[in-house]
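Asker: First the structure, which I've put down as structure tokens, then a few questions once you've had a look.
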Amino acid sequence: MAEKTLFCFGYGFSARCLATRLRGKGWRIATTARSPEKVAALRAEGIDAQLWPIPSLADVWPDKVHVLVSAAPDASGDPILVQHREEILALADRIEWLGYLSTTAVYGNRDGGLVDETGELRPASARGARRVEAEKDWLAL
């Protein structure tokens with residue numbers, strides 16, 4: 001059986017938690033980092049880190065890849081889609097699974113009420129609004 005790969009765009013707390021669990025099950029973990037120092041530190045941990053921005057996903061994605069997007073969008077939009085939208089579409093047959101980590105900021109203030117993934121999106125901040133737009137962009141692929 002071929003080794004499974006999780007490729008993370010962004011490697012914050014939540015992505016690292018998932019990656020740690022999957023590494024324990026034999027998965028290969030690959031990610032992006034914005035500095036050469038961070039790339040070196042991740043590689044020292046056994047993570048296949050690539051310096052962002054990546055010139056080509058085709059060069060770093062295996063034939064089958066699970067993709068986790070956790071990098072936050074900025075005022076210019078989702079950085080992954082800005083850089084790689086067309087390439088992601090061209091490589092779609094390689095993607096076994098794609099997950100998008102968002103933020104609770106997309107739901108706005110519910111005064112302590114329960115919210116889950118089916119809740120209405122009512123962002124009350126620019127950060128939340130950017131995530132809603134990025135989610136729409138990923139769903140439109």
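Here's how to read the names in the structure tokens: chain A, B, ... by the order shown, residue numbers from 1 in each chain, ligand numbers from 1 in the order shown.
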When DSSP is applied to the backbone of this structure, which of chain A are assigned strand (DSSP E or B)? Write them out as a list of chain:residue names.
Answerer: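 Of chain A, the ones in strand (DSSP E or B) are A:Thr5, A:Leu6, A:Phe7, A:Cys8, A:Phe9, A:Arg28, A:Ile29, A:Ala30, A:Thr31, A:Thr32, A:Ala33, A:Asp48, A:Ala49, A:Gln50, A:Leu51, A:Val65, A:His66, A:Val67, A:Leu68, A:Val69, A:Asp74, A:Gly77, A:Ile95, A:Glu96, A:Trp97, A:Leu98, A:Gly99, A:Tyr100.
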Asker: With a distance cut-off of 12 Å and only C-alpha atoms, select the neighbouring residues of Asp59 (chain A), excluding the residue or stretch itself and same-chain residues fewer than 4 positions from it, and output the selection as a list in words.
Answerer: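 In the requested format, the answer is Gln50, Ile54, Pro55, Asp63, Glu87 and Leu91 of chain A.
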Asker: Would you output that residue set with all heavy atoms, as a CSV table (one decimal), in the first residue's frame?
Answerer:
```csv
chain,number,residue,atom,x,y,z
A,50,GLN,N,8.2,23.1,2.5
A,50,GLN,CA,8.5,23.9,1.3
A,50,GLN,C,8.4,25.4,1.6
A,50,GLN,O,7.4,25.8,2.3
A,50,GLN,CB,7.5,23.5,0.2
A,50,GLN,CG,7.5,22.0,-0.2
A,50,GLN,CD,8.8,21.5,-0.7
A,50,GLN,OE1,9.5,22.2,-1.5
A,50,GLN,NE2,9.2,20.4,-0.3
A,54,ILE,N,5.4,28.5,-3.3
A,54,ILE,CA,5.9,27.4,-4.0
A,54,ILE,C,5.9,27.6,-5.5
A,54,ILE,O,4.8,28.0,-6.0
A,54,ILE,CB,5.1,26.1,-3.7
A,54,ILE,CG1,5.2,25.8,-2.2
A,54,ILE,CG2,5.6,24.9,-4.5
A,54,ILE,CD1,4.2,24.8,-1.8
A,55,PRO,N,6.9,27.4,-6.3
A,55,PRO,CA,6.9,27.6,-7.7
A,55,PRO,C,5.9,26.7,-8.4
A,55,PRO,O,5.1,27.2,-9.3
A,55,PRO,CB,8.3,27.3,-8.2
A,55,PRO,CG,9.2,27.5,-7.0
A,55,PRO,CD,8.3,27.1,-5.8
A,63,ASP,N,1.2,11.6,-6.7
A,63,ASP,CA,0.1,11.3,-7.5
A,63,ASP,C,-1.2,11.4,-6.8
A,63,ASP,O,-2.3,11.6,-7.4
A,63,ASP,CB,0.3,10.0,-8.2
A,63,ASP,CG,1.4,10.0,-9.3
A,63,ASP,OD1,1.7,11.1,-9.8
A,63,ASP,OD2,1.9,9.0,-9.6
A,87,GLU,N,-3.4,25.9,-11.3
A,87,GLU,CA,-2.6,24.7,-11.1
A,87,GLU,C,-3.4,23.6,-10.3
A,87,GLU,O,-3.4,22.5,-10.6
A,87,GLU,CB,-1.2,25.0,-10.5
A,87,GLU,CG,-0.4,23.7,-10.5
A,87,GLU,CD,1.0,24.0,-10.0
A,87,GLU,OE1,1.3,25.0,-9.3
A,87,GLU,OE2,1.9,23.1,-10.2
A,91,LEU,N,-4.4,19.9,-11.5
A,91,LEU,CA,-4.0,18.8,-10.7
A,91,LEU,C,-5.1,18.1,-9.9
A,91,LEU,O,-4.8,17.3,-9.0
A,91,LEU,CB,-2.8,19.2,-9.7
A,91,LEU,CG,-1.6,19.7,-10.4
A,91,LEU,CD1,-0.6,20.2,-9.3
A,91,LEU,CD2,-0.9,18.6,-11.3
```
Asker: Running DSSP on the backbone, which parts of chain A land in alpha helix (DSSP H), as a ChimeraX atom specification?
Answerer: /A:13-23,36-44,79-90,126-139
Asker: Considering only C-alpha atoms, return as a list in words whatever protein or nucleic-acid residues lie within 9 Å of Gly128 (chain A), sequence-local ones (same chain, fewer than 5 positions apart) excluded.
Answerer: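 Residues meeting the cut-off are Ser102, Thr103, Thr104, Ala105, Val106, Tyr107, Gly108, Arg122, Pro123 and Glu133 of chain A.
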Asker: May I have the residues from that selection written out with C-alpha atoms, as a tab-separated table (two decimals), in the first residue's frame?
Answerer:
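Output file again-v4.tsv is given in full below:
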```
chain	number	residue	atom	x	y	z
A	102	SER	CA	-11.81	28.25	8.84
A	103	THR	CA	-12.51	30.20	12.03
A	104	THR	CA	-15.46	30.69	14.32
A	105	ALA	CA	-15.31	34.36	13.27
A	106	VAL	CA	-17.40	33.41	10.22
A	107	TYR	CA	-20.44	32.92	12.50
A	108	GLY	CA	-20.35	36.25	14.30
A	122	ARG	CA	-22.68	36.20	9.80
A	123	PRO	CA	-19.13	37.48	10.11
A	133	GLU	CA	-15.05	34.78	0.81
```
Asker: Could you list, as a ChimeraX atom specification, every residue within 10 Å of Lys25 (chain A), counting only C-alpha atoms and ignoring same-chain residues fewer than 5 positions away?
Answerer: /A:4,19-20
Asker: Just how far from CA of Trp97 (chain A) is CA of Val65 (chain A), in Å to one decimal?
Answerer: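 Straight-line distance from CA of Val65 (chain A) to CA of Trp97 (chain A) works out to 7.2 Å.
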Asker: Which value, in Å to one decimal, gives the distance between CA of His84 (chain A) and CA of Glu3 (chain A)?
Answerer: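 Taking CA of His84 (chain A) as the start and CA of Glu3 (chain A) as the end point, the length is 24.7 Å.
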Asker: If we count only C-alpha atoms, what is near Val60 (chain A) at a cut-off of 10 Å, once residues fewer than 6 positions away on the same chain are taken out, given as a ChimeraX atom specification?
Answerer: /A:7,30-31,48-50,54
Asker: Take the residues just selected and output them with N, CA and C atoms as an mmCIF file, in the first residue's frame.
Answerer:
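Dumped to again-v9.cif:
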```
data_model
loop_
_atom_site.group_PDB
_atom_site.id
_atom_site.type_symbol
_atom_site.label_atom_id
_atom_site.label_comp_id
_atom_site.auth_asym_id
_atom_site.auth_seq_id
_atom_site.Cartn_x
_atom_site.Cartn_y
_atom_site.Cartn_z
ATOM 1 N N PHE A 7 -0.777 17.228 2.652
ATOM 2 C CA PHE A 7 -0.089 18.464 2.320
ATOM 3 C C PHE A 7 -0.867 19.609 2.942
ATOM 4 N N ALA A 30 3.606 16.994 4.600
ATOM 5 C CA ALA A 30 4.295 18.061 3.874
ATOM 6 C C ALA A 30 3.549 19.361 4.158
ATOM 7 N N THR A 31 4.284 20.464 4.157
ATOM 8 C CA THR A 31 3.658 21.742 4.467
ATOM 9 C C THR A 31 4.421 22.891 3.839
ATOM 10 N N ASP A 48 8.166 17.366 5.542
ATOM 11 C CA ASP A 48 8.639 17.817 4.234
ATOM 12 C C ASP A 48 8.136 19.235 4.002
ATOM 13 N N ALA A 49 8.899 20.212 4.445
ATOM 14 C CA ALA A 49 8.488 21.614 4.365
ATOM 15 C C ALA A 49 9.014 22.271 3.096
ATOM 16 N N GLN A 50 8.168 23.112 2.510
ATOM 17 C CA GLN A 50 8.499 23.866 1.307
ATOM 18 C C GLN A 50 8.374 25.350 1.615
ATOM 19 N N ILE A 54 5.428 28.530 -3.334
ATOM 20 C CA ILE A 54 5.945 27.355 -4.030
ATOM 21 C C ILE A 54 5.870 27.626 -5.533
#
```
